[in-house]
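Pasted below: input.txt, compact mmCIF, C-alpha atoms and all ligand atoms.
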# COMPACT_ATOMS: atom_id res chain seq x y z
CA MET A 1162 110.71 88.40 41.96
CA SER A 1163 109.54 87.02 45.29
CA ASP A 1164 109.74 89.22 48.43
CA LEU A 1165 110.74 86.17 50.43
CA PRO A 1166 114.27 86.31 51.78
CA ARG A 1167 116.54 83.77 50.16
CA ARG A 1168 118.04 81.04 52.31
CA GLY A 1169 120.77 82.50 54.51
CA GLU A 1170 119.60 86.06 53.89
CA PRO A 1171 118.75 87.79 57.21
CA VAL A 1172 115.06 88.48 57.89
CA PRO A 1173 114.68 92.13 59.03
CA SER A 1174 114.04 92.51 62.77
CA LEU A 1175 111.01 94.41 64.01
CA GLU A 1176 113.13 97.53 64.68
CA GLN A 1177 114.52 97.39 61.16
CA ALA A 1178 111.10 96.87 59.66
CA GLN A 1179 109.75 99.83 61.72
CA LEU A 1180 106.21 100.06 62.96
CA THR A 1181 104.55 101.66 60.01
CA SER A 1182 100.85 101.84 60.71
CA PRO A 1183 98.67 102.49 63.78
CA ALA A 1184 97.25 99.00 63.26
CA ASP A 1185 100.78 97.61 63.75
CA VAL A 1186 101.15 99.64 66.94
CA ILE A 1187 97.95 98.17 68.35
CA GLN A 1188 98.85 94.67 67.23
CA GLU A 1189 102.27 95.03 68.79
CA MET A 1190 100.67 95.94 72.12
CA ILE A 1191 98.30 92.98 72.01
CA ALA A 1192 101.27 90.72 71.32
CA GLY A 1193 102.90 91.97 74.53
CA ALA A 1194 100.33 89.97 76.53
CA TRP A 1195 101.06 86.88 74.43
CA ARG A 1196 104.79 87.26 74.95
CA LEU A 1197 104.36 87.29 78.73
CA GLU A 1198 102.73 83.86 78.39
CA ALA A 1199 105.64 82.70 76.23
CA LEU A 1200 108.03 83.89 78.92
CA ARG A 1201 106.05 82.02 81.57
CA ALA A 1202 106.18 78.83 79.49
CA PHE A 1203 109.93 79.25 78.93
CA VAL A 1204 110.37 79.45 82.71
CA ALA A 1205 107.83 76.71 83.51
CA TYR A 1206 109.75 74.23 81.31
CA ASP A 1207 113.17 75.27 82.69
CA CYS A 1208 114.37 76.11 79.18
CA ALA A 1209 117.16 78.39 80.38
CA GLN A 1210 118.69 75.74 82.63
CA LEU A 1211 118.33 73.00 80.04
CA LEU A 1212 119.95 75.07 77.30
CA ARG A 1213 122.80 75.99 79.61
CA ALA A 1214 123.30 72.38 80.63
CA HIS A 1215 123.27 71.02 77.06
CA GLY A 1216 124.79 73.91 75.11
CA ALA A 1217 122.72 73.57 71.94
CA LEU A 1218 119.55 71.56 71.35
CA THR A 1219 117.01 71.04 68.61
CA VAL A 1220 113.49 71.92 69.64
CA ARG A 1221 112.70 68.20 69.74
CA GLU A 1222 115.60 67.51 72.12
CA LEU A 1223 114.76 70.48 74.29
CA ALA A 1224 111.09 69.43 74.44
CA GLU A 1225 112.14 65.92 75.43
CA HIS A 1226 114.32 67.19 78.31
CA ALA A 1227 111.62 69.66 79.33
CA ASN A 1228 108.77 67.15 79.17
CA ALA A 1229 106.96 69.44 76.73
CA HIS A 1230 105.60 68.93 73.21
CA PRO A 1231 107.95 70.13 70.43
CA ALA A 1232 105.01 71.65 68.54
CA GLY A 1233 104.10 73.53 71.73
CA LEU A 1234 107.61 74.67 72.52
CA GLU A 1235 108.68 75.91 69.11
CA PRO A 1236 106.31 78.92 68.89
CA VAL A 1237 107.47 79.94 72.38
CA LEU A 1238 111.12 79.88 71.31
CA MET A 1239 110.34 81.73 68.08
CA ALA A 1240 108.45 84.44 70.02
CA LEU A 1241 111.30 84.96 72.47
CA GLU A 1242 114.18 84.69 69.98
CA PRO A 1243 114.17 88.34 68.77
CA PHE A 1244 114.52 89.53 72.37
CA GLY A 1245 117.68 87.53 73.04
CA TYR A 1246 116.27 84.74 75.22
CA VAL A 1247 117.55 82.15 72.75
CA ARG A 1248 119.78 82.10 69.69
CA TYR A 1249 118.71 80.00 66.72
CA GLN A 1250 121.12 78.58 64.25
CA SER A 1251 119.67 76.94 61.14
CA ARG A 1252 121.54 74.04 59.58
CA GLU A 1253 121.49 72.98 55.97
CA GLU A 1254 120.07 69.49 56.29
CA GLU A 1255 118.73 69.01 59.78
CA ALA A 1256 116.56 70.88 62.24
CA GLY A 1257 118.20 73.99 63.66
CA LEU A 1258 119.79 74.36 67.06
CA TYR A 1259 118.75 76.59 69.92
CA ARG A 1260 121.23 78.04 72.41
CA LEU A 1261 120.66 80.18 75.48
CA GLY A 1262 120.80 83.92 74.65
CA PRO A 1263 122.08 86.77 76.86
CA VAL A 1264 118.59 87.71 78.07
CA GLY A 1265 117.74 84.07 78.77
CA GLU A 1266 120.71 83.93 81.16
CA TYR A 1267 118.81 86.24 83.50
CA LEU A 1268 116.31 83.39 83.94
CA LEU A 1269 118.91 81.10 85.49
CA PRO A 1270 118.31 80.69 89.24
CA ASP A 1271 121.98 81.29 90.08
CA HIS A 1272 122.35 84.46 87.99
CA PRO A 1273 123.39 87.26 90.41
CA THR A 1274 120.40 89.37 89.34
CA THR A 1275 118.07 86.59 88.34
CA MET A 1276 114.67 87.74 87.07
CA LEU A 1277 112.97 84.47 88.03
CA PRO A 1278 111.30 85.98 91.12
CA ALA A 1279 109.91 88.79 88.94
CA VAL A 1280 108.38 86.26 86.53
CA GLU A 1281 106.91 84.21 89.37
CA TRP A 1282 105.66 87.34 91.13
CA ASN A 1283 103.88 88.58 88.02
CA ALA A 1284 102.18 85.21 87.63
CA TYR A 1285 101.22 85.02 91.31
CA PRO A 1286 97.46 84.35 91.44
CA LEU A 1287 96.39 87.57 93.19
CA VAL A 1288 98.80 89.71 91.15
CA ALA A 1289 97.62 88.19 87.85
CA ARG A 1290 93.95 88.46 88.88
CA ALA A 1291 94.41 92.09 89.87
CA MET A 1292 95.82 92.89 86.42
CA ASP A 1293 93.02 90.94 84.73
CA ASP A 1294 90.55 93.13 86.62
CA LEU A 1295 92.09 96.41 85.46
CA VAL A 1296 89.08 97.48 83.39
CA HIS A 1297 86.93 97.24 86.52
CA THR A 1298 89.59 99.00 88.61
CA VAL A 1299 89.57 101.87 86.14
CA HIS A 1300 85.87 102.31 86.91
CA GLU A 1301 86.26 102.14 90.68
CA GLY A 1302 89.67 103.73 91.11
CA ARG A 1303 90.32 100.91 93.60
CA PRO A 1304 91.51 97.34 92.98
CA ALA A 1305 88.48 95.40 94.28
CA VAL A 1306 90.34 92.07 94.04
CA VAL A 1307 93.20 93.29 96.24
CA ASP A 1308 90.96 95.22 98.63
CA ALA A 1309 88.91 92.06 99.19
CA ALA A 1310 92.18 90.26 100.05
CA GLY A 1311 92.90 92.82 102.80
CA GLY A 1312 95.10 95.18 100.74
CA MET A 1313 98.40 94.25 99.15
CA TYR A 1314 100.56 94.31 102.26
CA GLY A 1315 97.83 92.59 104.31
CA TYR A 1316 97.74 89.83 101.70
CA LEU A 1317 101.54 89.54 101.70
CA GLN A 1318 101.50 89.21 105.47
CA ARG A 1319 99.28 86.13 105.18
CA HIS A 1320 101.13 84.62 102.18
CA PRO A 1321 104.81 84.18 103.08
CA ARG A 1322 105.81 82.87 99.61
CA ALA A 1323 104.28 85.93 97.93
CA ARG A 1324 106.01 88.17 100.49
CA GLU A 1325 109.35 86.46 99.88
CA LEU A 1326 108.97 86.91 96.12
CA PHE A 1327 107.99 90.55 96.52
CA ASP A 1328 111.04 91.19 98.70
CA GLN A 1329 113.32 89.44 96.19
CA VAL A 1330 111.91 91.47 93.30
CA MET A 1331 112.45 94.70 95.26
CA ALA A 1332 115.95 93.67 96.37
CA VAL A 1333 117.08 93.00 92.78
CA ARG A 1334 115.59 96.28 91.58
CA THR A 1335 117.02 98.28 94.47
CA ALA A 1336 120.48 96.74 94.12
CA ARG A 1337 120.77 98.53 90.74
CA ILE A 1338 120.20 101.98 92.21
CA ALA A 1339 121.69 101.55 95.69
CA PRO A 1340 125.37 102.22 94.83
CA ILE A 1341 124.39 105.43 93.02
CA VAL A 1342 122.18 106.76 95.82
CA ALA A 1343 124.75 105.69 98.44
CA GLY A 1344 127.44 107.62 96.57
CA ARG A 1345 125.83 110.93 97.52
CA GLU A 1346 126.50 112.88 100.69
CA PHE A 1347 124.73 111.58 103.81
CA GLY A 1348 124.90 112.78 107.41
CA ASP A 1349 125.39 110.84 110.63
CA GLU A 1350 121.93 109.35 110.94
CA ILE A 1351 119.72 107.80 108.29
CA VAL A 1352 116.16 106.52 108.65
CA ASP A 1353 114.99 104.19 105.87
CA LEU A 1354 111.19 104.14 105.94
CA GLY A 1355 109.71 100.93 104.52
CA GLY A 1356 113.28 99.91 103.73
CA GLY A 1357 112.45 96.33 102.65
CA ILE A 1358 115.18 93.85 103.58
CA GLY A 1359 117.75 96.66 103.81
CA VAL A 1360 119.58 96.62 100.45
CA LEU A 1361 119.71 100.42 100.14
CA LEU A 1362 120.55 100.98 103.81
CA ALA A 1363 123.42 98.49 103.69
CA HIS A 1364 124.97 100.21 100.64
CA THR A 1365 124.52 103.65 102.19
CA LEU A 1366 126.07 102.70 105.52
CA ARG A 1367 129.01 101.03 103.80
CA ALA A 1368 129.66 104.16 101.77
CA HIS A 1369 129.40 106.37 104.89
CA PRO A 1370 131.39 104.84 107.74
CA GLN A 1371 130.37 107.69 110.07
CA ALA A 1372 126.66 106.98 109.64
CA ARG A 1373 124.18 104.99 111.71
CA GLY A 1374 120.95 103.71 110.18
CA TYR A 1375 117.44 102.82 111.30
CA LEU A 1376 115.17 100.71 109.13
CA ILE A 1377 111.44 100.87 109.86
CA GLU A 1378 109.42 98.00 108.37
CA ARG A 1379 106.33 95.93 108.89
CA GLU A 1380 106.82 93.19 111.43
CA GLU A 1381 106.85 90.34 108.90
CA VAL A 1382 109.70 91.99 106.96
CA ALA A 1383 111.70 93.27 109.93
CA LYS A 1384 113.05 89.78 110.72
CA ARG A 1385 114.27 89.28 107.16
CA ALA A 1386 115.85 92.74 107.20
CA GLN A 1387 117.70 91.82 110.42
CA GLU A 1388 119.08 88.70 108.75
CA HIS A 1389 120.08 90.55 105.60
CA LEU A 1390 121.82 93.40 107.40
CA ALA A 1391 123.56 90.99 109.80
CA GLY A 1392 125.12 89.31 106.75
CA GLU A 1393 126.46 92.54 105.26
CA GLN A 1394 130.14 93.43 105.72
CA GLY A 1395 131.40 96.79 106.93
CA ILE A 1396 128.26 98.01 108.67
CA GLU A 1397 128.43 96.02 111.92
CA GLY A 1398 126.95 97.72 114.98
CA ARG A 1399 125.69 100.72 112.98
CA TRP A 1400 122.15 99.68 112.16
CA GLU A 1401 118.89 98.96 113.89
CA VAL A 1402 115.74 97.40 112.46
CA ARG A 1403 112.51 98.50 114.06
CA ALA A 1404 109.21 96.78 113.40
CA GLY A 1405 106.82 99.67 113.05
CA ASP A 1406 104.30 101.63 111.03
CA ILE A 1407 105.66 104.46 108.92
CA PHE A 1408 102.27 106.20 109.18
CA ASN A 1409 102.66 106.40 112.96
CA PRO A 1410 104.80 109.42 113.90
CA VAL A 1411 105.86 107.76 117.13
CA HIS A 1412 107.61 105.04 115.08
CA ILE A 1413 109.68 107.55 113.09
CA PRO A 1414 112.80 108.86 114.85
CA GLU A 1415 112.65 112.64 115.26
CA GLY A 1416 115.16 115.25 114.11
CA VAL A 1417 117.32 112.89 112.04
CA GLY A 1418 119.38 114.34 109.16
CA ASP A 1419 118.36 111.98 106.36
CA TYR A 1420 115.03 110.23 105.84
CA VAL A 1421 114.77 107.79 102.94
CA ALA A 1422 111.51 106.62 101.32
CA ALA A 1423 112.35 104.41 98.33
CA SER A 1424 109.50 103.13 96.18
CA ILE A 1425 107.02 104.01 98.90
CA VAL A 1426 105.06 107.02 97.63
CA HIS A 1427 104.10 105.37 94.33
CA ASN A 1428 102.28 102.67 96.31
CA LEU A 1429 100.00 105.33 97.78
CA PRO A 1430 96.92 107.10 96.41
CA GLU A 1431 96.95 110.89 96.82
CA GLN A 1432 95.41 111.22 100.26
CA GLN A 1433 97.54 108.50 101.85
CA ALA A 1434 100.67 109.84 100.16
CA ARG A 1435 99.96 113.30 101.59
CA GLU A 1436 99.31 111.78 105.02
CA LEU A 1437 102.61 109.90 104.97
CA LEU A 1438 104.68 112.84 103.72
CA THR A 1439 103.05 115.15 106.28
CA THR A 1440 103.88 112.66 109.04
CA ILE A 1441 107.51 112.45 107.90
CA ARG A 1442 107.68 116.24 107.55
CA GLY A 1443 106.45 116.51 111.16
CA ARG A 1444 109.45 114.49 112.37
CA MET A 1445 112.06 116.37 110.30
CA ALA A 1446 114.33 119.09 111.71
CA PRO A 1447 114.77 122.31 109.66
CA GLY A 1448 118.03 120.97 108.17
CA SER A 1449 116.76 117.43 107.48
CA ARG A 1450 116.42 115.99 104.02
CA LEU A 1451 113.95 113.48 102.63
CA TRP A 1452 115.37 111.22 99.92
CA LEU A 1453 112.54 110.00 97.71
CA VAL A 1454 113.31 107.27 95.22
CA ASP A 1455 110.31 107.18 92.92
CA MET A 1456 109.39 107.43 89.28
CA VAL A 1457 108.71 110.63 87.37
CA VAL A 1458 106.60 110.22 84.24
CA PRO A 1459 108.41 112.16 81.49
CA PRO A 1460 106.77 115.29 80.05
CA THR A 1461 107.32 114.08 76.49
CA PRO A 1462 105.49 110.98 75.21
CA GLU A 1463 108.45 108.60 74.91
CA PRO A 1464 108.12 105.10 76.38
CA HIS A 1465 109.29 104.99 80.00
CA PRO A 1466 109.06 102.27 82.70
CA SER A 1467 106.89 104.60 84.80
CA ARG A 1468 104.10 104.38 82.24
CA ASP A 1469 103.85 100.60 82.61
CA LEU A 1470 104.55 100.49 86.34
CA GLY A 1471 101.72 102.98 86.84
CA LEU A 1472 99.35 100.24 85.65
CA ARG A 1473 100.84 97.81 88.15
CA MET A 1474 100.49 100.39 90.94
CA LEU A 1475 96.86 100.91 89.95
CA SER A 1476 96.09 97.19 89.84
CA LEU A 1477 97.73 96.40 93.19
CA PHE A 1478 97.40 99.57 95.25
CA GLY A 1479 94.86 101.85 93.56
CA ALA A 1480 97.81 104.23 93.15
CA GLY A 1481 99.97 105.25 90.18
CA GLU A 1482 103.14 106.95 88.98
CA ARG A 1483 103.27 110.75 88.95
CA ARG A 1484 104.42 113.46 86.60
CA LEU A 1485 106.77 116.11 87.98
CA GLU A 1486 103.97 118.62 88.60
CA ALA A 1487 102.03 116.02 90.63
CA HIS A 1488 105.14 115.30 92.75
CA VAL A 1489 105.64 119.02 93.33
CA SER A 1490 102.06 119.70 94.39
CA LEU A 1491 101.96 116.58 96.59
CA LEU A 1492 105.18 117.62 98.32
CA GLU A 1493 103.96 121.22 98.73
CA SER A 1494 100.71 120.00 100.29
CA ALA A 1495 102.83 118.16 102.88
CA GLY A 1496 105.07 121.16 103.64
CA LEU A 1497 108.01 119.93 101.58
CA ARG A 1498 109.88 121.15 98.52
CA ILE A 1499 112.32 119.67 96.04
CA ALA A 1500 115.73 120.86 97.24
CA GLU A 1501 118.00 119.82 94.36
CA ARG A 1502 117.66 118.86 90.75
CA ILE A 1503 116.15 115.41 90.16
CA PHE A 1504 118.72 112.69 89.48
CA PRO A 1505 117.85 109.88 87.06
CA LEU A 1506 118.57 106.34 88.28
CA PRO A 1507 118.60 102.98 86.47
CA GLY A 1508 115.32 101.20 85.79
CA GLY A 1509 113.36 104.42 85.22
CA LEU A 1510 113.65 105.53 88.85
CA SER A 1511 114.59 109.03 90.00
CA LEU A 1512 116.14 110.45 93.13
CA ILE A 1513 114.15 113.40 94.44
CA ILE A 1514 115.88 115.13 97.35
CA CYS A 1515 113.42 117.14 99.43
CA ALA A 1516 113.62 119.59 102.32
CA PRO A 1517 111.05 121.13 104.66
CA ASP A 1518 109.33 124.05 103.02
CA GLY A 1519 110.68 127.42 104.11
CA SER A 1520 113.86 125.89 105.55
CA GLU A 1521 117.29 127.20 104.69
CA GLU A 1522 119.21 125.29 102.03
CA PRO A 1523 119.85 121.85 103.57
CA ARG A 1524 123.44 121.20 104.59
C1 LIG A 1601 107.79 98.79 97.31
S1 LIG A 1601 108.55 98.27 98.76
C2 LIG A 1601 110.08 99.19 98.78
C3 LIG A 1601 111.12 98.54 99.66
C4 LIG A 1601 112.44 99.32 99.72
N1 LIG A 1601 112.27 100.68 100.16
C5 LIG A 1601 113.14 99.30 98.38
O1 LIG A 1601 113.16 100.33 97.71
O2 LIG A 1601 113.64 98.24 97.99
C6 LIG A 1601 107.62 99.12 100.00
C7 LIG A 1601 107.96 98.66 101.40
O3 LIG A 1601 107.23 99.44 102.34
C8 LIG A 1601 106.84 98.59 103.41
N2 LIG A 1601 105.65 99.20 104.04
C9 LIG A 1601 104.45 99.40 103.47
N3 LIG A 1601 103.61 99.97 104.34
C10 LIG A 1601 104.28 100.10 105.51
C11 LIG A 1601 103.94 100.61 106.79
N4 LIG A 1601 102.72 101.12 107.04
N5 LIG A 1601 104.89 100.59 107.76
C12 LIG A 1601 106.12 100.08 107.51
N6 LIG A 1601 106.51 99.61 106.30
C13 LIG A 1601 105.59 99.61 105.32
C14 LIG A 1601 106.51 97.29 102.72
O4 LIG A 1601 106.57 96.19 103.62
C15 LIG A 1601 107.57 97.21 101.64
O5 LIG A 1601 108.69 96.48 102.04
I need this file expressed as structure tokens, please.
Ligand SMILES: C[S@@+](CC[C@H](N)C(=O)[O-])C[C@H]1O[C@@H](n2cnc3c(N)ncnc32)[C@H](O)[C@@H]1O
Amino acid sequence: MSDLPRRGEPVPSLEQAQLTSPADVIQEMIAGAWRLEALRAFVAYDCAQLLRAHGALTVRELAEHANAHPAGLEPVLMALEPFGYVRYQSREEEAGLYRLGPVGEYLLPDHPTTMLPAVEWNAYPLVARAMDDLVHTVHEGRPAVVDAAGGMYGYLQRHPRARELFDQVMAVRTARIAPIVAGREFGDEIVDLGGGIGVLLAHTLRAHPQARGYLIEREEVAKRAQEHLAGEQGIEGRWEVRAGDIFNPVHIPEGVGDYVAASIVHNLPEQQARELLTTIRGRMAPGSRLWLVDMVVPPTPEPHPSRDLGLRMLSLFGAGERRLEAHVSLLESAGLRIAERIFPLPGGLSLIICAPDGSEEPR
């Protein structure tokens, strides 16, 4: 009897089939790079919008609307189908129909947490080149491509579209964790260091009507942060954006109760991370807290977003994600300690609440 499924019989998904051999594991990883290209093609040909507009289309119809070749588009749709980008429905006589799937909806420009900026950002020429050069970066420990472009933030300063995309990607990611972080207890004054356009600060101030917040950002972001915070309800008159350098102690308000550094430390190689944390520590009062939002690579070998993001940090910043012991020793070297248990956040992030070493329990 043939092993082929009969018509109408479901073909087992990859999870059902299980990865059985190491060769499959390696092949699966290689295919990850191919799938990214399929995703880029899906976006480039506006497939999500076309499928939403038309409901259900054959590959030939979709290709016609998209100005693509049906023979080119079909493998893309087949590759993305198991992940929920599209749903395929075969029909007895004619070609089957494709509909937009629940994951594909996140590629619509008007989706509240659209992932389009993330796709565009990952395909951005410098970002893609930096990842292509990873083998070389592993040798040097530094991303030569990015260093030659003046460092990541230097490059973003000179490329407003890349900066806008980066800020959008961060804003979407931070919006997932902001309500959870904001739900914790904060004092009267909060300093958000490298706070992006202010998503986390806005949530925190709204949740704490007694609090006042300062956001310190690079000059080219400060203006956008002003605009974002000015548009947020319930925080009027309680925030200030300061264009400044978080490595410069003079730019960090002194003796404030709560300092926040979200997705900052993982951008920094060891020495710079120590320098920054030592600078912040120098501005803290004995009862101050430092709220780090960062990733912690798990001690057991399960897949975790930190393992992949570490590669991105390496390729763009010459940095990486840290295991718990690396966080602890970095913090200790800067005169800080972890003050409470680590709280997991969505997207593989963690909240690490720190206090000055040797201080009493923070309030
Ligand atoms: C990865 S983003 C995180 C943004 C924000 N904290 C969040 O979680 O959404 C890092 C931010 O730090 C800012 N930054 C980097 N170096 C800085 C510096 N020396 N002074 C001020 N801001 C800096 C960048 O402009 C960027 O917006």
Distance query range 1457-1474 of chain A at most 6 Å, all atoms listed in the file, self and fewer than 2 positions along chain excluded, as a ChimeraX atom specification:
/A:1476-1478,1480-1485,1509
Per residue of chain A within 6 Å of ligand LIG 1601 (chain A), what are the shortest atom pair and its distance in Å to one decimal, counting only C-alpha atoms and all ligand atoms, with rows by chain and residue number, as a Markdown table?
| residue | atom | partner | partner_atom | distance |
| --- | --- | --- | --- | --- |
| A:Met1331 | CA | A:LIG1601 | O2 | 4.6 |
| A:Ala1332 | CA | A:LIG1601 | O2 | 5.4 |
| A:Thr1335 | CA | A:LIG1601 | O2 | 4.9 |
| A:Gly1355 | CA | A:LIG1601 | O3 | 3.6 |
| A:Gly1356 | CA | A:LIG1601 | N1 | 3.8 |
| A:Gly1357 | CA | A:LIG1601 | O5 | 3.8 |
| A:Ile1377 | CA | A:LIG1601 | C12 | 5.9 |
| A:Glu1378 | CA | A:LIG1601 | N6 | 3.9 |
| A:Arg1379 | CA | A:LIG1601 | C12 | 4.4 |
| A:Gly1405 | CA | A:LIG1601 | C12 | 5.6 |
| A:Asp1406 | CA | A:LIG1601 | N5 | 3.5 |
| A:Ile1407 | CA | A:LIG1601 | N5 | 4.1 |
| A:Phe1408 | CA | A:LIG1601 | N4 | 5.5 |
| A:Ala1423 | CA | A:LIG1601 | N1 | 4.2 |
| A:Ser1424 | CA | A:LIG1601 | C2 | 4.8 |
| A:Ile1425 | CA | A:LIG1601 | C6 | 5.0 |
Can you write out as a tab-separated table which residues of range 1268-1383 of chain A fall within 8 Å of range 1202-1224 of chain A, alongside each residue's closest atom pair and its distance in Å to one decimal, counting only C-alpha atoms and ordering rows by chain and ascending residue number?
residue	atom	partner	partner_atom	distance
A:Leu1268	CA	A:Ala1209	CA	6.2
A:Leu1269	CA	A:Ala1209	CA	6.0
A:Leu1277	CA	A:Val1204	CA	7.8
Neighbours of Ser1520 in chain A within 10 Å (only C-alpha atoms; same-chain residues fewer than 6 positions away dropped), as a PyMOL selection string?
chain A and resi 1446-1449+1497-1498+1500
Determine, counting all atoms listed in the file, which protein, DNA and RNA residues have an atom within 12 Å of an atom of Trp1195 in chain A; residues of the same chain fewer than 5 positions away are not included. Present the result as a list in words.
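In the requested format, the answer is Gln1188, Glu1189, Met1190, Leu1200, Arg1201, Ala1202, Pro1236, Val1237, Ala1240 and Leu1241 of chain A.
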Selection near Ile1503 in chain A, 12 Å with only C-alpha atoms, sequence-local residues under 6 positions removed, as a PyMOL selection string:
chain A and resi 1342+1452-1457+1485+1488-1489+1510-1515
Can I get the selected residues back with C-alpha atoms, as a PDB file, in the coordinates of the input?
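The new file out-v4.pdb reads:
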ATOM      1  CA  VAL A1342     122.180 106.760  95.820  1.00  0.00           C
ATOM      2  CA  TRP A1452     115.370 111.220  99.920  1.00  0.00           C
ATOM      3  CA  LEU A1453     112.540 110.000  97.710  1.00  0.00           C
ATOM      4  CA  VAL A1454     113.310 107.270  95.220  1.00  0.00           C
ATOM      5  CA  ASP A1455     110.310 107.180  92.920  1.00  0.00           C
ATOM      6  CA  MET A1456     109.390 107.430  89.280  1.00  0.00           C
ATOM      7  CA  VAL A1457     108.710 110.630  87.370  1.00  0.00           C
ATOM      8  CA  LEU A1485     106.770 116.110  87.980  1.00  0.00           C
ATOM      9  CA  HIS A1488     105.140 115.300  92.750  1.00  0.00           C
ATOM     10  CA  VAL A1489     105.640 119.020  93.330  1.00  0.00           C
ATOM     11  CA  LEU A1510     113.650 105.530  88.850  1.00  0.00           C
ATOM     12  CA  SER A1511     114.590 109.030  90.000  1.00  0.00           C
ATOM     13  CA  LEU A1512     116.140 110.450  93.130  1.00  0.00           C
ATOM     14  CA  ILE A1513     114.150 113.400  94.440  1.00  0.00           C
ATOM     15  CA  ILE A1514     115.880 115.130  97.350  1.00  0.00           C
ATOM     16  CA  CYS A1515     113.420 117.140  99.430  1.00  0.00           C
TER      17      CYS A1515
END
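For the choices A:Phe1244, A:Phe1504, A:Tyr1375, A:Trp1282, the atom-to-atom distance to Gly1398 in chain A is smallest for A:Tyr1375 when using all atoms listed in the file.
In this structure, CA of Asn1409 in chain A sits 27.2 Å away from CA of Arg1322 in chain A.
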Need to verify the contact set: Leu1361 in chain A, 8 Å, only C-alpha atoms, exclusion of same-chain residues closer than 4 positions in sequence. Can you return it as a list in words?
Thr1335, Ala1336, Ala1339, Pro1340, Ala1343, Gly1356 and Thr1365 of chain A
Can you take the partial range 1303-1318 of chain A, add N, CA and C atoms, and return it as a PDB file, in the frame of the given file?
ATOM      1  N   ARG A1303      89.774 101.792  92.561  1.00  0.00           N
ATOM      2  CA  ARG A1303      90.320 100.910  93.600  1.00  0.00           C
ATOM      3  C   ARG A1303      90.405  99.500  93.052  1.00  0.00           C
ATOM      4  N   PRO A1304      91.432  98.734  93.443  1.00  0.00           N
ATOM      5  CA  PRO A1304      91.510  97.340  92.980  1.00  0.00           C
ATOM      6  C   PRO A1304      90.659  96.443  93.886  1.00  0.00           C
ATOM      7  N   ALA A1305      89.424  96.154  93.436  1.00  0.00           N
ATOM      8  CA  ALA A1305      88.480  95.400  94.280  1.00  0.00           C
ATOM      9  C   ALA A1305      89.071  94.058  94.700  1.00  0.00           C
ATOM     10  N   VAL A1306      89.781  93.404  93.773  1.00  0.00           N
ATOM     11  CA  VAL A1306      90.340  92.070  94.040  1.00  0.00           C
ATOM     12  C   VAL A1306      91.339  92.138  95.212  1.00  0.00           C
ATOM     13  N   VAL A1307      92.167  93.170  95.191  1.00  0.00           N
ATOM     14  CA  VAL A1307      93.200  93.290  96.240  1.00  0.00           C
ATOM     15  C   VAL A1307      92.556  93.787  97.532  1.00  0.00           C
ATOM     16  N   ASP A1308      91.633  94.723  97.424  1.00  0.00           N
ATOM     17  CA  ASP A1308      90.960  95.220  98.630  1.00  0.00           C
ATOM     18  C   ASP A1308      90.256  94.079  99.361  1.00  0.00           C
ATOM     19  N   ALA A1309      89.621  93.190  98.568  1.00  0.00           N
ATOM     20  CA  ALA A1309      88.910  92.060  99.190  1.00  0.00           C
ATOM     21  C   ALA A1309      89.887  91.107  99.875  1.00  0.00           C
ATOM     22  N   ALA A1310      91.152  91.137  99.443  1.00  0.00           N
ATOM     23  CA  ALA A1310      92.180  90.260 100.050  1.00  0.00           C
ATOM     24  C   ALA A1310      92.870  90.962 101.231  1.00  0.00           C
ATOM     25  N   GLY A1311      92.342  92.119 101.640  1.00  0.00           N
ATOM     26  CA  GLY A1311      92.900  92.820 102.800  1.00  0.00           C
ATOM     27  C   GLY A1311      94.006  93.798 102.440  1.00  0.00           C
ATOM     28  N   GLY A1312      94.040  94.248 101.179  1.00  0.00           N
ATOM     29  CA  GLY A1312      95.100  95.180 100.740  1.00  0.00           C
ATOM     30  C   GLY A1312      96.359  94.391 100.424  1.00  0.00           C
ATOM     31  N   MET A1313      97.232  94.985  99.624  1.00  0.00           N
ATOM     32  CA  MET A1313      98.400  94.250  99.150  1.00  0.00           C
ATOM     33  C   MET A1313      99.302  93.792 100.294  1.00  0.00           C
ATOM     34  N   TYR A1314      99.621  94.704 101.199  1.00  0.00           N
ATOM     35  CA  TYR A1314     100.560  94.310 102.260  1.00  0.00           C
ATOM     36  C   TYR A1314      99.899  93.379 103.276  1.00  0.00           C
ATOM     37  N   GLY A1315      98.561  93.525 103.455  1.00  0.00           N
ATOM     38  CA  GLY A1315      97.830  92.590 104.310  1.00  0.00           C
ATOM     39  C   GLY A1315      97.879  91.186 103.717  1.00  0.00           C
ATOM     40  N   TYR A1316      97.688  91.121 102.401  1.00  0.00           N
ATOM     41  CA  TYR A1316      97.740  89.830 101.700  1.00  0.00           C
ATOM     42  C   TYR A1316      99.137  89.219 101.837  1.00  0.00           C
ATOM     43  N   LEU A1317     100.159  90.053 101.625  1.00  0.00           N
ATOM     44  CA  LEU A1317     101.540  89.540 101.700  1.00  0.00           C
ATOM     45  C   LEU A1317     101.862  89.024 103.100  1.00  0.00           C
ATOM     46  N   GLN A1318     101.257  89.658 104.091  1.00  0.00           N
ATOM     47  CA  GLN A1318     101.500  89.210 105.470  1.00  0.00           C
ATOM     48  C   GLN A1318     100.983  87.781 105.672  1.00  0.00           C
TER      49      GLN A1318
END
